[in-house]
$ cat input_10.txt   # compact mmCIF, C-alpha atoms
# COMPACT_ATOMS: atom_id res chain seq x y z
CA MET A 171 -63.93 -113.71 148.31
CA LEU A 172 -60.58 -114.56 149.95
CA LYS A 173 -61.07 -118.29 149.07
CA LYS A 174 -61.80 -117.35 145.45
CA GLY A 175 -58.51 -115.40 145.36
CA ILE A 176 -56.50 -118.36 146.69
CA ILE A 177 -58.13 -120.75 144.21
CA PHE A 178 -57.39 -118.31 141.40
CA SER A 179 -53.74 -118.09 142.48
CA LEU A 180 -53.43 -121.90 142.68
CA ASP A 181 -55.01 -122.19 139.25
CA ALA A 182 -52.50 -119.65 137.86
CA ILE A 183 -49.51 -121.34 139.51
CA LEU A 184 -50.63 -124.72 138.17
CA ALA A 185 -50.99 -123.27 134.69
CA VAL A 186 -47.53 -121.67 134.88
CA ILE A 187 -46.00 -124.99 136.09
CA ILE A 188 -47.68 -126.98 133.30
CA ALA A 189 -46.65 -124.40 130.72
CA GLY A 190 -43.12 -124.29 132.13
CA VAL A 191 -42.76 -128.08 132.07
CA MET A 192 -43.99 -128.27 128.51
CA ILE A 193 -41.74 -125.45 127.33
CA LEU A 194 -38.76 -127.02 129.11
CA ALA A 195 -39.57 -130.38 127.51
CA CYS A 196 -39.64 -128.69 124.12
CA PHE A 197 -36.25 -127.05 124.75
CA PHE A 198 -34.91 -130.39 125.97
CA TYR A 199 -35.96 -132.10 122.75
CA LEU A 200 -34.77 -129.32 120.48
CA SER A 201 -31.41 -129.12 122.28
CA HIS A 202 -30.84 -132.77 121.44
CA THR A 203 -30.74 -132.08 117.71
CA SER A 204 -27.34 -131.43 116.25
CA THR A 205 -25.94 -130.27 112.93
CA ASN A 206 -22.37 -131.27 113.85
CA LEU A 207 -22.81 -134.71 112.38
CA TYR A 208 -23.60 -133.28 108.95
CA GLN A 209 -20.71 -130.83 109.16
CA ASN A 210 -18.30 -133.63 110.11
CA GLN A 211 -19.64 -135.80 107.31
CA ASP A 212 -19.06 -132.96 104.87
CA ILE A 213 -15.41 -132.47 105.82
CA TYR A 214 -14.88 -136.24 105.95
CA LYS A 215 -16.21 -136.58 102.39
CA ILE A 216 -13.98 -133.68 101.30
CA SER A 217 -11.01 -135.58 102.82
CA LEU A 218 -11.97 -138.79 100.97
CA ASP A 219 -12.29 -136.89 97.68
CA SER A 220 -9.02 -135.02 98.27
CA LEU A 221 -7.02 -138.19 98.92
CA THR A 222 -8.65 -139.95 95.95
CA ILE A 223 -7.63 -137.09 93.64
CA LEU A 224 -4.12 -136.95 95.09
CA GLU A 225 -3.64 -140.68 94.58
CA LYS A 226 -5.18 -140.96 91.10
CA ASP A 227 -3.25 -138.02 89.65
CA ASN A 228 -0.04 -139.48 91.15
CA THR A 229 0.59 -136.45 93.39
CA LEU A 230 1.14 -138.67 96.45
CA LYS A 231 3.46 -141.00 94.53
CA THR A 232 5.48 -138.11 93.08
CA ALA A 233 5.71 -136.40 96.48
CA VAL A 234 7.23 -139.54 98.03
CA GLU A 235 9.55 -140.26 95.11
CA THR A 236 10.86 -136.67 95.03
CA ASN A 237 10.71 -136.30 98.82
CA SER A 238 8.89 -132.98 98.38
CA THR A 239 5.71 -131.60 99.96
CA THR A 240 5.36 -128.73 97.49
CA THR A 241 2.44 -130.20 95.55
CA LEU A 242 0.68 -131.34 98.73
CA GLN A 243 1.09 -127.85 100.21
CA LEU A 244 -0.33 -126.28 97.04
CA PHE A 245 -3.30 -128.63 97.18
CA LEU A 246 -3.99 -127.90 100.85
CA ASP A 247 -3.67 -124.14 100.34
CA SER A 248 -6.25 -124.32 97.55
CA LEU A 249 -8.90 -125.84 99.83
CA PRO A 250 -11.91 -123.59 100.64
CA ALA A 251 -11.10 -120.75 103.06
CA GLN A 252 -13.25 -122.10 105.92
CA LEU A 253 -11.61 -125.52 105.74
CA CYS A 254 -8.34 -126.55 107.36
CA GLY A 255 -6.37 -129.71 106.79
CA ASP A 256 -3.08 -131.49 107.01
CA ILE A 257 -1.68 -134.50 105.18
CA THR A 258 0.95 -136.86 106.52
CA VAL A 259 2.43 -139.71 104.48
CA TYR A 260 3.54 -142.87 106.27
CA THR A 261 5.29 -146.06 105.21
CA SER A 262 3.32 -149.30 105.62
CA SER A 263 5.06 -149.72 108.98
CA SER A 264 3.67 -146.31 110.10
CA SER A 265 6.85 -144.21 109.94
CA ALA A 266 6.07 -140.66 108.84
CA VAL A 267 7.95 -139.59 105.72
CA LEU A 268 6.23 -136.38 104.61
CA SER A 269 3.90 -133.85 106.19
CA ALA A 270 2.14 -130.67 105.07
CA GLN A 271 -0.49 -128.43 106.67
CA LYS A 272 -2.64 -125.73 105.13
CA THR A 273 -1.07 -122.32 105.63
CA GLY A 274 -2.76 -120.27 108.37
CA CYS A 275 -4.35 -123.23 110.13
CA THR A 276 -3.23 -124.09 113.62
CA ALA A 277 -5.87 -124.73 116.30
CA LYS A 278 -7.88 -127.86 115.57
CA ASN A 279 -11.60 -127.90 116.20
CA GLU A 280 -13.48 -131.17 115.94
CA SER A 281 -11.71 -132.96 113.08
CA THR A 282 -12.16 -135.99 110.80
CA ILE A 283 -9.47 -138.36 109.56
CA ALA A 284 -9.30 -140.19 106.23
CA VAL A 285 -6.65 -142.62 105.00
CA ARG A 286 -5.59 -143.75 101.51
CA SER A 287 -2.94 -146.26 100.51
CA PHE A 288 -0.73 -146.08 97.44
CA VAL A 289 2.38 -147.65 95.92
CA ALA A 290 5.57 -145.69 95.20
CA ASN A 291 9.34 -146.08 95.09
CA ASN A 292 9.55 -149.51 93.45
CA PHE A 293 6.66 -151.49 94.89
CA ASN A 294 6.70 -149.94 98.41
CA VAL A 295 3.32 -149.40 100.04
CA TYR A 296 2.59 -146.07 101.74
CA TYR A 297 -0.53 -144.46 103.15
CA ALA A 298 -1.58 -140.82 103.39
CA ARG A 299 -3.58 -139.62 106.39
CA MET A 300 -5.60 -136.43 105.96
CA GLU A 301 -7.05 -134.65 108.97
CA ALA A 302 -9.59 -131.92 108.22
CA TRP A 303 -11.47 -129.44 110.37
CA TYR A 304 -13.39 -126.17 110.12
CA LYS A 305 -11.51 -122.97 110.90
CA MET B 221 -70.38 -118.39 136.03
CA LYS B 222 -69.78 -117.28 132.46
CA LYS B 223 -66.29 -115.97 133.42
CA LYS B 224 -65.43 -119.34 135.05
CA LYS B 225 -66.42 -121.20 131.87
CA LYS B 226 -64.31 -118.80 129.81
CA GLY B 227 -61.37 -119.42 132.15
CA ILE B 228 -61.66 -123.19 131.79
CA LEU B 229 -61.92 -122.86 128.01
CA PHE B 230 -58.81 -120.63 127.99
CA THR B 231 -56.85 -123.10 130.15
CA ILE B 232 -57.84 -126.08 127.98
CA THR B 233 -56.94 -124.17 124.81
CA THR B 234 -53.56 -123.21 126.26
CA ILE B 235 -52.86 -126.81 127.34
CA PHE B 236 -53.75 -128.08 123.87
CA LEU B 237 -51.52 -125.46 122.23
CA LEU B 238 -48.62 -126.33 124.50
CA LEU B 239 -49.27 -130.02 123.93
CA ALA B 240 -49.13 -129.37 120.18
CA VAL B 241 -45.77 -127.58 120.54
CA PHE B 242 -44.51 -130.43 122.74
CA LEU B 243 -45.57 -133.12 120.24
CA LEU B 244 -44.13 -131.10 117.36
CA SER B 245 -40.74 -130.80 119.04
CA SER B 246 -40.82 -134.49 119.96
CA ALA B 247 -41.59 -135.42 116.34
CA TYR B 248 -38.82 -133.10 115.18
CA LEU B 249 -36.33 -134.86 117.45
CA THR B 250 -37.45 -138.32 116.25
CA ARG B 251 -37.19 -137.24 112.62
CA ASN B 252 -33.81 -135.68 113.25
CA LYS B 253 -32.54 -138.94 114.75
CA GLU B 254 -33.86 -140.87 111.74
CA LEU B 255 -32.10 -138.46 109.38
CA GLN B 256 -28.88 -138.78 111.34
CA ARG B 257 -29.08 -142.56 111.09
CA THR B 258 -29.79 -142.36 107.36
CA ALA B 259 -26.85 -139.99 106.92
CA THR B 260 -24.59 -142.29 108.96
CA ILE B 261 -25.57 -145.35 106.90
CA SER B 262 -25.17 -143.39 103.69
CA LEU B 263 -21.69 -142.29 104.78
CA ALA B 264 -20.84 -145.88 105.72
CA GLY B 265 -21.84 -146.90 102.18
CA ASP B 266 -19.65 -144.18 100.66
CA ARG B 267 -16.82 -145.20 102.96
CA LEU B 268 -17.01 -148.89 102.02
CA ARG B 269 -16.99 -148.00 98.33
CA TYR B 270 -14.03 -145.66 98.90
CA ILE B 271 -12.07 -148.34 100.77
CA GLU B 272 -12.82 -150.94 98.10
CA ASP B 273 -11.58 -148.54 95.43
CA ASP B 274 -8.51 -147.65 97.48
CA ILE B 275 -7.49 -151.28 97.97
CA THR B 276 -8.22 -152.65 94.54
CA ASP B 277 -7.68 -149.81 92.08
CA ASN B 278 -4.46 -150.24 90.08
CA ILE B 279 -3.00 -152.68 92.61
CA TYR B 280 -2.33 -155.38 90.02
CA SER B 281 -0.57 -152.92 87.73
CA ASP B 282 1.36 -151.39 90.64
CA LEU B 283 2.55 -154.62 92.27
CA VAL B 284 2.38 -157.26 89.53
CA SER B 285 3.40 -154.75 86.82
CA ILE B 286 0.78 -155.97 84.39
CA ASN B 287 -1.49 -153.59 82.52
CA LEU B 288 -4.44 -154.29 80.32
CA GLU B 289 -4.08 -152.35 77.10
CA SER B 290 -7.25 -153.34 75.29
CA ILE B 291 -10.09 -155.82 74.84
CA SER B 292 -11.50 -155.80 71.33
CA ARG B 293 -14.24 -157.86 69.72
CA GLY B 294 -14.52 -158.55 66.00
CA THR B 295 -14.17 -161.88 64.24
CA TYR B 296 -12.18 -162.82 67.35
CA VAL B 297 -11.89 -161.49 70.88
CA THR B 298 -8.44 -159.97 71.35
CA VAL B 299 -7.01 -159.15 74.78
CA VAL B 300 -3.72 -157.24 74.96
CA PHE B 301 -1.58 -156.74 78.06
CA ASN B 302 1.83 -155.29 78.73
CA HIS B 303 4.24 -156.14 81.51
CA SER B 304 7.25 -154.04 82.30
CA ASN B 305 9.14 -155.97 84.96
CA LEU B 306 9.75 -159.63 84.27
CA SER B 307 12.82 -160.06 86.43
CA SER B 308 14.09 -162.44 89.08
CA SER B 309 14.88 -159.45 91.33
CA ILE B 310 11.17 -158.85 91.95
CA ASN B 311 9.15 -161.30 94.01
CA HIS B 312 5.58 -160.55 92.88
CA ARG B 313 4.11 -163.23 95.14
CA GLN B 314 5.78 -161.69 98.22
CA LEU B 315 4.75 -158.17 97.21
CA MET B 316 1.09 -159.21 97.02
CA GLN B 317 1.35 -161.10 100.31
CA ASP B 318 2.91 -158.07 102.06
CA TYR B 319 0.17 -155.84 100.69
CA GLU B 320 -2.49 -158.26 101.96
CA THR B 321 -0.86 -158.25 105.40
CA PHE B 322 -0.81 -154.44 105.45
CA ILE B 323 -4.44 -154.14 104.35
CA GLU B 324 -5.78 -156.76 106.76
CA GLY B 325 -3.68 -155.40 109.65
CA ALA B 326 -2.59 -151.77 109.88
CA TYR B 327 -4.95 -150.40 107.22
CA SER B 328 -8.00 -152.11 108.77
CA ALA B 329 -7.06 -150.74 112.20
CA LEU B 330 -6.57 -147.21 110.83
CA ASN B 331 -10.03 -147.28 109.30
CA ASN B 332 -11.66 -149.12 112.21
CA ILE B 333 -13.05 -151.80 109.90
CA ASN B 334 -12.34 -155.46 109.22
CA ILE B 335 -10.99 -156.23 105.76
CA ASP B 336 -10.35 -159.70 104.44
CA LEU B 337 -8.68 -160.29 101.07
CA ILE B 338 -9.56 -163.75 99.81
CA GLY B 339 -7.62 -165.45 97.01
CA PHE B 340 -5.60 -162.28 96.61
CA ASN B 341 -2.25 -163.15 95.06
CA ASN B 342 -0.09 -162.75 91.96
CA SER B 343 -2.71 -164.43 89.72
CA PHE B 344 -5.84 -163.26 87.99
CA SER B 345 -8.34 -164.91 85.69
CA LEU B 346 -9.93 -163.98 82.41
CA SER B 347 -13.48 -165.18 81.81
CA PRO B 348 -15.29 -166.58 79.84
CA TYR B 349 -12.13 -168.26 78.50
CA ASN B 350 -10.98 -169.38 81.97
CA SER B 351 -7.42 -168.26 81.36
CA THR B 352 -5.39 -167.81 84.55
CA PHE B 353 -2.39 -165.50 84.42
CA THR B 354 0.31 -165.86 87.08
CA ILE B 355 3.27 -163.50 87.26
CA ASP B 356 5.98 -164.91 89.49
CA SER B 357 9.33 -163.05 89.51
CA ASN B 358 10.92 -163.89 86.14
CA MET B 359 8.09 -166.18 84.98
CA ILE B 360 4.69 -165.71 83.43
CA TYR B 361 2.31 -168.66 83.27
CA VAL B 362 -0.98 -168.56 81.41
CA TYR B 363 -3.22 -171.59 81.90
CA THR B 364 -6.35 -171.86 79.74
CA GLU B 365 -9.00 -174.40 80.67
CA ASN B 366 -10.04 -174.99 77.08
CA PRO B 367 -7.07 -174.06 74.83
CA ASP B 368 -9.15 -174.79 71.71
CA ASN B 369 -10.55 -171.29 72.30
CA ILE B 370 -7.11 -169.75 71.65
CA ASP B 371 -6.52 -168.76 68.03
CA ARG B 372 -3.25 -166.84 68.30
CA ILE B 373 -0.71 -165.61 70.83
CA GLN B 374 1.66 -162.75 70.12
CA LEU B 375 4.51 -161.57 72.33
CA ILE B 376 6.54 -158.44 71.66
CA MET B 377 9.39 -157.93 74.09
CA ASP B 378 12.56 -155.98 74.65
CA ILE B 379 15.35 -157.83 76.44
CA ASP B 380 17.48 -155.78 78.81
CA GLU B 381 20.72 -157.77 78.54
CA ALA B 382 24.09 -156.15 77.82
CA THR B 383 25.87 -159.22 76.40
CA LEU B 384 25.36 -160.54 72.89
CA ASN B 385 23.20 -163.53 71.97
CA THR B 386 25.01 -166.81 71.39
CA SER B 387 22.24 -169.07 70.11
CA ASP B 388 18.52 -169.18 69.52
CA GLY B 389 15.88 -171.67 68.48
CA GLN B 390 12.20 -172.26 67.91
CA PRO B 391 9.72 -175.15 67.78
CA SER B 392 8.55 -176.74 64.57
CA ASP B 393 4.90 -176.58 63.52
CA THR B 394 2.77 -179.16 65.35
CA GLY B 395 -0.76 -177.76 65.30
CA ASP B 396 -2.89 -174.76 64.49
CA ILE B 397 -2.47 -172.20 67.29
CA GLU B 398 -0.23 -169.48 65.95
CA VAL B 399 2.43 -168.29 68.39
CA GLU B 400 4.38 -165.29 67.19
CA ILE B 401 7.38 -163.75 68.97
CA GLU B 402 9.02 -160.39 68.26
CA MET B 403 12.10 -159.93 70.38
CA THR B 404 14.64 -157.10 70.42
CA HIS B 405 17.95 -157.60 72.22
CA SER B 406 21.52 -156.31 72.27
CA GLY B 407 22.50 -158.47 69.29
CA GLY B 408 19.53 -157.55 67.08
CA GLU B 409 16.13 -159.12 66.63
CA PHE B 410 14.57 -162.55 66.89
CA ASN B 411 11.13 -162.86 65.26
CA PRO B 412 10.10 -166.51 65.03
CA SER B 413 6.58 -167.93 64.77
CA ALA B 414 5.10 -171.43 64.78
CA ASP B 415 1.71 -173.14 64.61
CA LEU B 416 1.55 -175.28 67.73
CA ASP B 417 -0.56 -178.09 69.12
CA PRO B 418 -1.60 -177.17 72.70
CA THR B 419 -1.68 -180.81 73.77
CA VAL B 420 1.98 -181.45 72.87
CA ASN B 421 5.11 -180.65 74.88
CA ASN B 422 6.50 -178.39 72.14
CA ASP B 423 10.11 -177.21 71.96
CA PRO B 424 10.66 -173.65 73.23
CA PHE B 425 11.39 -170.37 71.49
CA TYR B 426 14.66 -169.28 73.12
CA VAL B 427 17.66 -167.00 72.97
CA ASN B 428 20.85 -167.63 74.97
CA PHE B 429 23.25 -164.82 75.85
CA GLU B 430 27.00 -164.70 76.51
CA ALA B 431 26.48 -163.99 80.23
CA GLY B 432 24.59 -167.27 80.61
CA SER B 433 21.19 -165.59 80.73
CA ARG B 434 18.34 -166.93 78.63
CA ILE B 435 14.83 -166.00 77.54
CA GLU B 436 12.50 -168.90 76.85
CA ILE B 437 8.90 -169.05 75.70
CA ASN B 438 6.97 -172.33 75.75
CA PHE B 439 3.48 -173.18 74.64
CA GLY B 440 1.81 -176.56 74.96
CA LEU B 441 1.53 -179.34 77.51
CA TYR B 442 2.86 -178.47 80.98
CA ASN B 443 2.14 -180.16 84.32
CA SER B 444 -0.42 -182.42 82.57
CA GLN B 445 -2.34 -179.38 81.37
CA SER B 446 -2.60 -178.42 77.72
CA GLY B 447 -2.34 -174.93 76.23
CA VAL B 448 -0.01 -173.44 78.87
CA LEU B 449 2.05 -170.42 77.86
CA ARG B 450 5.27 -169.96 79.85
CA VAL B 451 7.68 -167.07 79.59
CA ASN B 452 10.92 -167.44 81.54
CA ALA B 453 13.40 -164.56 81.73
CA SER B 454 16.37 -166.29 83.35
CA GLY B 455 19.12 -163.92 84.57
CA LEU B 456 17.83 -160.93 82.63
CA LYS B 457 15.03 -158.39 82.61
CA ALA B 458 12.31 -158.49 79.96
CA ASP B 459 9.95 -155.66 79.15
CA ILE B 460 6.92 -157.16 77.45
CA SER B 461 5.28 -154.33 75.57
CA HIS B 462 2.64 -156.53 73.97
CA LEU B 463 1.16 -159.83 75.17
CA GLU B 464 -1.80 -160.63 72.97
CA PHE B 465 -4.27 -163.47 73.29
CA ARG B 466 -6.67 -163.85 70.38
CA TYR B 467 -9.60 -166.07 71.31
CA ASN B 468 -12.45 -167.55 69.32
CA LEU B 469 -15.61 -165.49 69.61
CA LEU B 470 -17.84 -166.19 72.64
CA SER B 471 -20.92 -164.12 73.35
CA GLU B 472 -20.22 -163.50 77.06
CA LYS B 473 -18.36 -160.31 77.86
CA VAL B 474 -14.73 -160.53 78.93
CA ILE B 475 -14.11 -159.94 82.63
CA ILE B 476 -10.69 -159.98 84.29
CA LYS B 477 -10.92 -160.82 87.99
CA GLY B 478 -8.46 -160.90 90.86
CA GLY B 479 -9.39 -162.24 94.28
CA ASN B 480 -12.32 -161.34 96.51
CA ILE B 481 -12.66 -158.65 99.14
CA SER B 482 -14.80 -158.63 102.27
CA ILE B 483 -15.22 -155.41 104.26
CA ILE B 484 -17.08 -155.38 107.57
CA TYR B 485 -18.00 -152.04 109.12
CA PRO B 486 -18.61 -153.04 112.75
CA VAL B 487 -20.30 -149.80 113.92
CA GLU B 488 -23.34 -150.31 111.72
CA ASN B 489 -22.66 -154.03 111.17
CA ILE B 490 -22.58 -153.57 107.40
CA THR B 491 -20.74 -156.13 105.27
CA LYS B 492 -19.62 -155.69 101.68
CA LYS B 493 -18.32 -158.72 99.80
CA THR B 494 -17.26 -158.37 96.22
CA GLU B 495 -14.96 -159.72 93.53
CA ILE B 496 -11.99 -157.61 92.53
CA ILE B 497 -12.74 -156.71 88.92
CA ILE B 498 -9.48 -155.63 87.30
CA ALA B 499 -11.12 -154.85 83.97
CA GLU B 500 -14.16 -155.74 81.93
CA GLU B 501 -15.25 -155.39 78.35
$ encode --input "input_10.txt" --output "structure tokens"
Amino acid sequence: MLKKGIIFSLDAILAVIIAGVMILACFFYLSHTSTNLYQNQDIYKISLDSLTILEKDNTLKTAVETNSTTTLQLFLDSLPAQLCGDITVYTSSSSAVLSAQKTGCTAKNESTIAVRSFVANNFNVYYARMEAWYK
Amino acid sequence: MKKKKKGILFTITTIFLLLAVFLLSSAYLTRNKELQRTATISLAGDRLRYIEDDITDNIYSDLVSINLESISRGTYVTVVFNHSNLSSSINHRQLMQDYETFIEGAYSALNNINIDLIGFNNSFSLSPYNSTFTIDSNMIYVYTENPDNIDRIQLIMDIDEATLNTSDGQPSDTGDIEVEIEMTHSGGEFNPSADLDPTVNNDPFYVNFEAGSRIEINFGLYNSQSGVLRVNASGLKADISHLEFRYNLLSEKVIIKGGNISIIYPVENITKKTEIIIAEE
């Protein structure tokens, strides 16, 4: 009777170990999936689109030629509420000339960076760098 | 005995169920990794297209100051450009070279990709007529491989020169390609035209000004090549509002090409090589 009890206990412990290992393996696998990549891709694509719009409608060019960040600030402030971003304009030799950040955005979470070049001020080449992140 | 069999059956069932959950989660992870890779490659594709557009879009109009106004097809194929900055104070060749240096250096590093601009300079070609346009400071050269395809050239320009004109001249008729000039300057207008032979070194259309500046337009033989159009704004600035080439009809569509671009995205080892199409019919 005593032997039967021990065998039963061993059987139960073995079952618990096997079940535990399998459940842990499942958790291990599931913990390796991530949605961050998709989120980062989304904000990166938003940055690409934003810079494309700003270049093609001459906002970047006008901002440099008038030395004003007003239109850039307006654009950034009109981004979706959950999205933060800043735009800095550099000369081709990487000297910053203009900078604007969305109002109410300070701490940066994981961010993405996009760059777009443009010509302004009589044939001078500049580039705009947009960093975007979720609030 | 019956209980023991039931126990074994229960254990086996449980193991199978757990195994199923294990395999399911494993498959989920594999699928998730595949999706991530697909998404990464898809983003790389979007990124390469974005970079190509960023580098090539409007760059010829921004740096070489030439804009295509229209390509029309009827009895003839007519291509019209405008050019706002024909002046010796602008070095178009250097501007394009500086841009190439920026793109292949700092811009490539910022984007973590390798970009190579091939044959990227102050020239572009127009097919199927094989006309090559070069804008070089105060000069425009247009070489056409087979000038017999040209029917007419028209140039409308405004000369930014404060002093009055002192003399002007034009070539006499030598052939059958019509070259028509409409020029406005401080002293009035100069609207000559002539039917020229592309294989002959024809006299120029020209206007001289008091300050010693001169605008000169040649069409014909130049550097052993026939059918070359040359516009030379010497010591003044010319705004060409209309540069029209009327060609004989060919069935192929008109494509205006600059150089070539090669973009290598090292992370996924993806390469994109393409011609810079400035415009097409």
$ atom_distance --input "input_10.txt" --atom1 "CA of Ile235 (chain B)" --atom2 "CA of Leu194 (chain A)"
14.2 Å
$ interface_residues --input "input_10.txt" --of "chain A" --to "chain B" --cutoff "8 Å" --atoms "only C-alpha atoms" --output "list in words"
Ala185, Ile188, Ala189, Met192, Ile193, Ala195, Cys196, Tyr199, Leu200, His202, Thr203, Leu207, Tyr208, Gln211, Leu218, Thr222, Ser262, Ser263, Ala284, Val285, Arg286, Ser287, Phe288, Val289, Phe293 and Val295 of chain A
$ write_last_selection --input "input_10.txt" --atoms "C-alpha atoms" --output "PDB file, in the coordinates of the input"
ATOM      1  CA  ALA A 185     -50.990-123.270 134.690  1.00  0.00           C
ATOM      2  CA  ILE A 188     -47.680-126.980 133.300  1.00  0.00           C
ATOM      3  CA  ALA A 189     -46.650-124.400 130.720  1.00  0.00           C
ATOM      4  CA  MET A 192     -43.990-128.270 128.510  1.00  0.00           C
ATOM      5  CA  ILE A 193     -41.740-125.450 127.330  1.00  0.00           C
ATOM      6  CA  ALA A 195     -39.570-130.380 127.510  1.00  0.00           C
ATOM      7  CA  CYS A 196     -39.640-128.690 124.120  1.00  0.00           C
ATOM      8  CA  TYR A 199     -35.960-132.100 122.750  1.00  0.00           C
ATOM      9  CA  LEU A 200     -34.770-129.320 120.480  1.00  0.00           C
ATOM     10  CA  HIS A 202     -30.840-132.770 121.440  1.00  0.00           C
ATOM     11  CA  THR A 203     -30.740-132.080 117.710  1.00  0.00           C
ATOM     12  CA  LEU A 207     -22.810-134.710 112.380  1.00  0.00           C
ATOM     13  CA  TYR A 208     -23.600-133.280 108.950  1.00  0.00           C
ATOM     14  CA  GLN A 211     -19.640-135.800 107.310  1.00  0.00           C
ATOM     15  CA  LEU A 218     -11.970-138.790 100.970  1.00  0.00           C
ATOM     16  CA  THR A 222      -8.650-139.950  95.950  1.00  0.00           C
ATOM     17  CA  SER A 262       3.320-149.300 105.620  1.00  0.00           C
ATOM     18  CA  SER A 263       5.060-149.720 108.980  1.00  0.00           C
ATOM     19  CA  ALA A 284      -9.300-140.190 106.230  1.00  0.00           C
ATOM     20  CA  VAL A 285      -6.650-142.620 105.000  1.00  0.00           C
ATOM     21  CA  ARG A 286      -5.590-143.750 101.510  1.00  0.00           C
ATOM     22  CA  SER A 287      -2.940-146.260 100.510  1.00  0.00           C
ATOM     23  CA  PHE A 288      -0.730-146.080  97.440  1.00  0.00           C
ATOM     24  CA  VAL A 289       2.380-147.650  95.920  1.00  0.00           C
ATOM     25  CA  PHE A 293       6.660-151.490  94.890  1.00  0.00           C
ATOM     26  CA  VAL A 295       3.320-149.400 100.040  1.00  0.00           C
TER      27      VAL A 295
END
$ atom_distance --input "input_10.txt" --atom1 "CA of Ser351 (chain B)" --atom2 "CA of Val474 (chain B)"
10.9 Å
$ residues_around --input "input_10.txt" --residues "Ala302 (chain A)" --least-positions-apart "5" --cutoff "12 Å" --atoms "only C-alpha atoms" --output "NGL selection string"
:A and (209-221 or 246 or 249-250 or 252-258 or 271-272 or 275-285)
$ residues_near_point --input "input_10.txt" --point "(-9.0, -176.8, 75.4)" --cutoff "10 Å" --atoms "all atoms listed in the file" --output "ChimeraX atom specification"
/B:349,364-370,418-419,445-447
$ atom_distance --input "input_10.txt" --atom1 "CA of Val234 (chain A)" --atom2 "CA of Ser264 (chain A)"
14.3 Å
$ residues_near_point --input "input_10.txt" --point "(-8.0, -158.2, 80.3)" --cutoff "10 Å" --atoms "all atoms listed in the file" --output "NGL selection string"
:B and (286-292 or 298-301 or 344-347 or 464-465 or 474-477 or 497-501)
$ residues_around --input "input_10.txt" --residues "Leu230 (chain A)" --least-positions-apart "5" --cutoff "12 Å" --atoms "only C-alpha atoms" --output "mmCIF file with C-alpha atoms, keeping the file's coordinate frame"
data_model
loop_
_atom_site.group_PDB
_atom_site.id
_atom_site.type_symbol
_atom_site.label_atom_id
_atom_site.label_comp_id
_atom_site.auth_asym_id
_atom_site.auth_seq_id
_atom_site.Cartn_x
_atom_site.Cartn_y
_atom_site.Cartn_z
ATOM 1 C CA SER A 220 -9.020 -135.020 98.270
ATOM 2 C CA LEU A 221 -7.020 -138.190 98.920
ATOM 3 C CA THR A 222 -8.650 -139.950 95.950
ATOM 4 C CA ILE A 223 -7.630 -137.090 93.640
ATOM 5 C CA LEU A 224 -4.120 -136.950 95.090
ATOM 6 C CA GLU A 225 -3.640 -140.680 94.580
ATOM 7 C CA GLU A 235 9.550 -140.260 95.110
ATOM 8 C CA THR A 236 10.860 -136.670 95.030
ATOM 9 C CA ASN A 237 10.710 -136.300 98.820
ATOM 10 C CA SER A 238 8.890 -132.980 98.380
ATOM 11 C CA THR A 239 5.710 -131.600 99.960
ATOM 12 C CA THR A 240 5.360 -128.730 97.490
ATOM 13 C CA THR A 241 2.440 -130.200 95.550
ATOM 14 C CA LEU A 242 0.680 -131.340 98.730
ATOM 15 C CA GLN A 243 1.090 -127.850 100.210
ATOM 16 C CA PHE A 245 -3.300 -128.630 97.180
ATOM 17 C CA ILE A 257 -1.680 -134.500 105.180
ATOM 18 C CA THR A 258 0.950 -136.860 106.520
ATOM 19 C CA VAL A 259 2.430 -139.710 104.480
ATOM 20 C CA TYR A 260 3.540 -142.870 106.270
ATOM 21 C CA VAL A 267 7.950 -139.590 105.720
ATOM 22 C CA LEU A 268 6.230 -136.380 104.610
ATOM 23 C CA SER A 269 3.900 -133.850 106.190
ATOM 24 C CA ALA A 270 2.140 -130.670 105.070
ATOM 25 C CA ARG A 286 -5.590 -143.750 101.510
ATOM 26 C CA SER A 287 -2.940 -146.260 100.510
ATOM 27 C CA PHE A 288 -0.730 -146.080 97.440
ATOM 28 C CA VAL A 289 2.380 -147.650 95.920
ATOM 29 C CA ALA A 290 5.570 -145.690 95.200
ATOM 30 C CA ASN A 291 9.340 -146.080 95.090
ATOM 31 C CA VAL A 295 3.320 -149.400 100.040
ATOM 32 C CA TYR A 296 2.590 -146.070 101.740
ATOM 33 C CA TYR A 297 -0.530 -144.460 103.150
ATOM 34 C CA ALA A 298 -1.580 -140.820 103.390
ATOM 35 C CA ARG A 299 -3.580 -139.620 106.390
ATOM 36 C CA MET A 300 -5.600 -136.430 105.960
#
$ closest_residue --input "input_10.txt" --among "B:Ser281, B:Ser454, B:Ser307, B:Gln374" --to "Arg466 (chain B)" --atoms "all atoms listed in the file"
B:Gln374
$ closest_residue --input "input_10.txt" --among "B:Ile437, B:Ser406, B:Thr276, B:Val297" --to "Lys473 (chain B)" --atoms "only C-alpha atoms"
B:Val297
